[in-house]
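Data file: run.txt. Format and content: compact mmCIF, C-alpha atoms and all ligand atoms.
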```txt
# COMPACT_ATOMS: atom_id res chain seq x y z
CA MET A 1 -9.10 -27.48 86.02
CA ARG A 2 -8.93 -27.47 89.83
CA GLY A 3 -6.13 -29.23 91.71
CA HIS A 4 -6.22 -30.20 95.35
CA PHE A 5 -8.22 -28.15 97.85
CA GLY A 6 -6.26 -25.12 98.99
CA GLU A 7 -3.80 -25.23 96.09
CA THR A 8 -3.34 -23.06 93.02
CA ARG A 9 -0.56 -22.33 90.54
CA SER A 10 -1.46 -18.62 90.71
CA SER A 11 1.42 -16.65 92.19
CA ILE A 12 1.15 -12.88 92.70
CA HIS A 13 4.22 -10.72 93.32
CA ARG A 14 5.09 -7.02 93.46
CA ASN A 15 6.26 -6.89 89.83
CA HIS A 16 4.91 -10.04 88.19
CA ALA A 17 1.96 -12.40 88.48
CA LEU A 18 0.94 -15.78 87.11
CA ILE A 19 -2.82 -16.27 87.14
CA SER A 20 -3.94 -19.83 86.43
CA SER A 21 -7.57 -20.56 85.58
CA ASP A 22 -8.11 -22.62 88.78
CA SER A 23 -8.27 -19.34 90.76
CA HIS A 24 -10.51 -17.30 88.43
CA GLU A 25 -13.19 -15.20 90.13
CA ARG A 26 -16.11 -14.35 87.85
CA THR A 27 -17.92 -11.06 88.45
CA THR A 28 -20.58 -8.88 86.88
CA LEU A 29 -19.81 -5.43 85.49
CA PRO A 30 -22.31 -2.66 84.66
CA GLY A 31 -20.80 -2.10 81.19
CA TRP A 32 -21.20 -5.83 80.34
CA PRO A 33 -24.91 -6.56 81.05
CA GLY A 34 -25.75 -10.26 81.29
CA CYS A 35 -22.08 -11.24 80.89
CA GLU A 36 -19.53 -12.69 83.30
CA VAL A 37 -16.12 -11.05 83.45
CA THR A 38 -12.93 -12.35 85.02
CA PHE A 39 -10.28 -9.72 85.63
CA VAL A 40 -6.81 -11.24 85.62
CA ILE A 41 -4.62 -8.11 85.44
CA THR A 42 -5.62 -4.69 86.85
CA PRO A 43 -4.01 -1.49 88.19
CA GLN A 44 -4.53 -2.78 91.76
CA MET A 45 -1.58 -5.13 91.09
CA GLY A 46 0.60 -2.27 89.87
CA ALA A 47 -0.20 -2.71 86.17
CA ARG A 48 -1.02 0.32 84.01
CA PHE A 49 -3.62 -1.63 82.01
CA SER A 50 -6.33 -4.22 82.56
CA GLU A 51 -6.85 -7.65 81.03
CA PHE A 52 -10.00 -9.71 81.50
CA PHE A 53 -11.99 -12.56 80.06
CA ALA A 54 -15.58 -11.76 79.07
CA ASP A 55 -18.15 -14.54 78.70
CA LEU A 56 -21.11 -13.30 76.67
CA PRO A 57 -24.39 -15.23 76.39
CA GLN A 58 -25.97 -15.24 72.94
CA GLY A 59 -27.61 -11.86 72.28
CA ALA A 60 -25.58 -9.89 74.88
CA ALA A 61 -24.88 -6.29 73.83
CA VAL A 62 -21.96 -4.27 75.18
CA GLY A 63 -21.06 -0.61 74.61
CA PRO A 64 -17.72 1.20 74.55
CA ALA A 65 -15.02 1.39 77.24
CA LEU A 66 -14.81 4.21 79.80
CA PRO A 67 -13.78 7.70 78.58
CA GLY A 68 -10.13 7.92 77.49
CA ILE A 69 -9.69 4.13 77.50
CA GLN A 70 -8.89 2.14 74.37
CA ARG A 71 -9.96 -1.48 74.08
CA PHE A 72 -8.39 -4.47 72.32
CA LEU A 73 -10.50 -7.60 72.05
CA PHE A 74 -9.64 -11.07 70.71
CA VAL A 75 -12.31 -13.73 70.16
CA LEU A 76 -11.34 -16.97 71.91
CA ALA A 77 -14.59 -18.80 71.11
CA GLY A 78 -17.96 -18.05 69.52
CA GLU A 79 -18.90 -15.21 67.21
CA ILE A 80 -19.64 -11.53 67.76
CA GLU A 81 -20.87 -8.70 65.63
CA LEU A 82 -19.05 -5.42 66.13
CA ALA A 83 -20.80 -2.23 65.07
CA ILE A 84 -18.57 0.78 64.50
CA ASP A 85 -20.11 3.94 63.05
CA GLY A 86 -23.13 1.86 62.05
CA ALA A 87 -21.11 -0.63 59.97
CA PRO A 88 -21.33 -4.22 61.33
CA HIS A 89 -18.33 -6.61 61.23
CA THR A 90 -18.56 -10.30 62.07
CA LEU A 91 -15.69 -11.62 64.19
CA GLY A 92 -15.24 -15.36 64.68
CA GLU A 93 -12.57 -17.32 66.53
CA GLU A 94 -9.18 -15.54 66.54
CA ALA A 95 -10.55 -12.38 64.96
CA TYR A 96 -9.66 -9.22 66.89
CA ALA A 97 -10.25 -5.48 67.08
CA LEU A 98 -8.49 -2.44 68.48
CA LEU A 99 -11.11 0.16 69.37
CA PRO A 100 -9.72 3.68 69.85
CA ALA A 101 -10.48 5.64 73.01
CA ASP A 102 -13.65 7.76 72.99
CA SER A 103 -15.03 6.13 69.83
CA TRP A 104 -18.47 4.51 69.84
CA HIS A 105 -18.87 0.78 69.21
CA GLU A 106 -21.23 -2.02 70.15
CA ILE A 107 -20.35 -5.69 70.62
CA ARG A 108 -23.24 -8.13 70.12
CA ALA A 109 -22.85 -11.86 70.71
CA VAL A 110 -24.19 -13.76 67.69
CA LYS A 111 -23.41 -16.97 69.62
CA ALA A 112 -22.31 -17.50 73.22
CA SER A 113 -18.75 -16.17 73.08
CA ARG A 114 -15.57 -15.85 75.11
CA LEU A 115 -13.32 -12.83 74.57
CA VAL A 116 -10.04 -11.74 76.08
CA VAL A 117 -10.04 -7.95 76.46
CA LEU A 118 -7.19 -5.52 77.14
CA GLU A 119 -7.91 -1.94 78.14
CA LYS A 120 -5.47 0.92 78.64
CA ARG A 121 -5.62 4.70 78.81
CA TYR A 122 -4.58 5.98 75.38
CA ALA A 123 -1.33 7.96 75.33
CA GLY A 124 -1.64 10.50 72.53
CA LEU A 125 1.32 11.97 70.68
CA ALA A 126 1.52 15.71 69.91
CA GLY A 127 1.11 16.31 66.19
CA THR A 128 -0.20 12.76 65.52
CA GLU A 129 -3.86 11.95 64.92
CA PRO A 130 -5.28 9.16 67.13
CA PRO A 131 -5.58 5.79 65.37
CA GLN A 132 -8.51 4.39 63.40
CA ALA A 133 -10.12 1.15 64.56
CA VAL A 134 -8.34 -2.05 63.50
CA ILE A 135 -10.37 -5.19 62.72
CA ALA A 136 -8.68 -8.31 61.37
CA ARG A 137 -8.23 -12.07 61.71
CA ALA A 138 -5.02 -13.44 63.20
CA ALA A 139 -4.83 -16.05 60.42
CA ASN A 140 -4.49 -13.26 57.84
CA ILE A 141 -1.52 -11.56 59.52
CA PRO A 142 1.85 -12.62 58.06
CA GLY A 143 4.29 -14.23 60.49
CA SER A 144 8.02 -13.51 60.66
CA PRO A 145 10.30 -16.38 61.66
CA ILE A 146 12.88 -15.19 64.18
CA GLU A 147 15.79 -16.75 66.07
CA ASP A 148 16.54 -19.25 63.29
CA GLY A 149 12.94 -20.43 63.22
CA ALA A 150 12.65 -21.02 67.01
CA LEU A 151 9.53 -18.88 66.90
CA VAL A 152 7.20 -17.05 64.54
CA LEU A 153 6.03 -13.52 65.40
CA GLN A 154 2.76 -11.98 64.19
CA LYS A 155 2.22 -8.27 64.88
CA LEU A 156 -1.54 -7.71 65.18
CA ILE A 157 -1.42 -3.88 65.41
CA PRO A 158 -0.01 -1.75 62.56
CA GLU A 159 3.43 -0.24 63.14
CA ASP A 160 2.39 3.41 63.13
CA ALA A 161 3.11 6.33 65.50
CA ALA A 162 -0.62 6.68 66.24
CA PHE A 163 -0.59 3.40 68.21
CA ASP A 164 0.74 3.38 71.78
CA CYS A 165 0.80 -0.40 72.21
CA GLU A 166 1.63 -3.67 70.52
CA VAL A 167 -0.29 -6.93 70.65
CA ASN A 168 1.59 -9.84 69.15
CA LEU A 169 1.22 -13.58 68.73
CA MET A 170 4.39 -15.58 69.42
CA ASP A 171 4.45 -19.21 68.32
CA PHE A 172 7.39 -21.31 69.57
CA VAL A 173 8.38 -24.67 68.13
CA PRO A 174 8.98 -27.40 70.75
CA GLY A 175 12.39 -26.60 72.27
CA GLY A 176 12.27 -23.00 71.03
CA SER A 177 12.97 -20.19 73.48
CA LEU A 178 13.44 -16.46 73.88
CA PRO A 179 17.10 -15.83 72.98
CA TYR A 180 18.01 -14.00 76.22
CA VAL A 181 16.51 -12.87 79.54
CA GLU A 182 14.76 -9.62 78.64
CA THR A 183 14.58 -6.59 80.95
CA HIS A 184 12.67 -3.58 79.63
CA PHE A 185 10.59 -0.68 80.91
CA MET A 186 7.54 -1.86 79.00
CA GLU A 187 4.94 -4.09 80.70
CA HIS A 188 3.32 -7.24 79.33
CA GLY A 189 -0.04 -8.95 79.62
CA LEU A 190 0.27 -12.49 78.23
CA LEU A 191 -2.25 -15.28 77.60
CA PHE A 192 -1.17 -18.80 76.68
CA LEU A 193 -3.30 -19.97 73.76
CA ASN A 194 -1.61 -23.31 73.05
CA GLY A 195 0.97 -25.59 74.60
CA GLY A 196 3.21 -24.53 77.44
CA GLY A 197 6.69 -24.58 78.87
CA ILE A 198 8.73 -22.85 81.55
CA TYR A 199 8.50 -19.10 82.14
CA ARG A 200 11.20 -17.31 84.08
CA LEU A 201 9.89 -14.20 85.89
CA GLY A 202 12.42 -12.46 88.12
CA ALA A 203 14.21 -15.22 90.04
CA SER A 204 11.33 -17.74 89.73
CA TRP A 205 10.65 -20.40 87.09
CA TYR A 206 7.02 -21.39 86.50
CA PRO A 207 5.54 -24.31 84.57
CA VAL A 208 2.89 -22.71 82.32
CA GLU A 209 0.08 -24.05 80.16
CA GLN A 210 -2.85 -23.07 77.96
CA GLY A 211 -5.17 -20.58 79.70
CA ASP A 212 -2.47 -19.14 81.98
CA VAL A 213 -2.13 -15.36 82.16
CA ILE A 214 1.05 -13.52 83.12
CA TRP A 215 1.59 -9.90 84.11
CA MET A 216 5.18 -8.71 83.73
CA GLY A 217 5.83 -5.31 85.30
CA PRO A 218 8.54 -2.85 84.21
CA PHE A 219 12.04 -4.35 84.12
CA GLU A 220 10.87 -7.77 85.31
CA PRO A 221 13.50 -10.23 84.01
CA GLN A 222 11.67 -12.59 81.64
CA TRP A 223 12.50 -15.66 79.59
CA PHE A 224 10.46 -18.52 78.09
CA GLY A 225 11.38 -22.00 76.92
CA ALA A 226 8.79 -24.13 75.08
CA ILE A 227 8.71 -27.66 76.46
CA GLY A 228 6.46 -30.34 75.10
CA LYS A 229 5.63 -32.07 71.86
CA THR A 230 3.45 -29.29 70.43
CA ASN A 231 4.04 -25.62 69.68
CA ALA A 232 3.56 -23.09 72.49
CA ARG A 233 1.74 -19.95 71.41
CA TYR A 234 0.89 -16.81 73.34
CA LEU A 235 -0.91 -13.50 72.84
CA ILE A 236 1.17 -10.70 74.35
CA TYR A 237 0.42 -7.01 74.98
CA LYS A 238 3.18 -4.42 75.42
CA ASN A 239 3.00 -0.67 75.91
CA TRP A 240 5.05 0.52 72.98
CA ASN A 241 6.06 3.48 70.86
CA ARG A 242 6.04 6.01 73.68
CA ASP A 243 8.65 7.60 75.98
CA PRO A 244 8.87 5.97 79.41
CA HIS A 245 7.85 9.16 81.29
O1 LIG A 301 8.29 -8.26 72.77
C1 LIG A 301 8.72 -8.69 73.82
O2 LIG A 301 9.18 -7.95 74.69
C2 LIG A 301 8.68 -10.20 74.05
N1 LIG A 301 9.78 -10.82 73.38
N2 LIG A 301 8.68 -10.53 75.45
C3 LIG A 301 8.28 -11.76 75.92
O3 LIG A 301 7.94 -12.65 75.10
N3 LIG A 301 8.28 -11.95 77.23
MN MN A 302 9.34 -8.76 76.68
```
Output the file's structure as structure tokens, nothing else.
Amino acid sequence: MRGHFGETRSSIHRNHALISSDSHERTTLPGWPGCEVTFVITPQMGARFSEFFADLPQGAAVGPALPGIQRFLFVLAGEIELAIDGAPHTLGEEAYALLPADSWHEIRAVKASRLVVLEKRYAGLAGTEPPQAVIARAANIPGSPIEDGALVLQKLIPEDAAFDCEVNLMDFVPGGSLPYVETHFMEHGLLFLNGGGIYRLGASWYPVEQGDVIWMGPFEPQWFGAIGKTNARYLIYKNWNRDPH
């Protein structure tokens, strides 16, 4: 939703960014024929990964990511068919896939669909085979209550040395919060799926709501408190499982 002319909640800084949907810029992209894409996090900001929304009309067909790049996709709306090695999988709302670097796949929109996509260069590990594709539905992933039930954590990617990233769902009860201000070398790409609250990034506090995206660079102090009458839930990427150098 747009506010007043000349205003936005988007706020871009050297080591963090809040991108609200009022400032989205839709573009075309050769790899996504017939689709509209909206990049919200890219290396131009300083991030070491990309995050974008992809709006696919019914029937759109999309091939794999660029060489060396792995792709995570999460269906926000609609339905897609994902072909991997010839085997089709149907993914509806809140189904997701992690597609390993340099592996063939095709995404076909069964209905008009909206995806959120994360792409990063895969960091291999000597002596460890690269991962297999992961395809699942968020609703089937068990949640772990943490911080005395202030939030429930779902880990969408298996905990295995082959994976160089995490993508989690964090669901906060009203009044729930992160227990402390985190500082860590890992980066985040975050999308608010439900509810909102106050996000602390560095020395700034931002009101946040459904549809907002946040990039948190290395060591950016970060804290969240869920404010409101409903749960606040976000999808959060983190580079993970690898040395910092
Ligand atoms: O996993 C995390 O680092 C997570 N707790 N960070 C965050 O929610 N900002
Ligand atoms: Mn964190």
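What separates atom CA of A:Trp32 from atom CA of A:Ile80 is a distance of 13.9 Å.
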Checklist line | Residue nearest ligand MN 302 (chain A) among A:His4, A:Lys238, A:Lys155, A:Arg26 (counting all atoms listed in the file) | finding: A:Lys238
Checklist line | Expected answer as number ranges by chain: residues within 12 Å of ligand MN 302 (chain A), only C-alpha atoms and all ligand atoms | finding: A: 166-168, 170, 178-190, 199-201, 214-224, 235-240
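Atom CA of A:Pro142 sits 24.3 Å away from atom CA of A:Glu81.
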Checklist line | 10 Å contact set for A:Gly175, only C-alpha atoms, chain neighbours under 3 positions out, as a PyMOL selection string | finding: chain A and resi 150-151+172+197+225-232
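The space separating atom CA of A:Leu66 from atom CA of A:Ser11 comes to 29.2 Å.
Among the candidates A:Ala95, A:Ala162, A:Ala65, A:Val37, the residue lying nearest to A:Asn140 is A:Ala95 (atoms considered: only C-alpha atoms).
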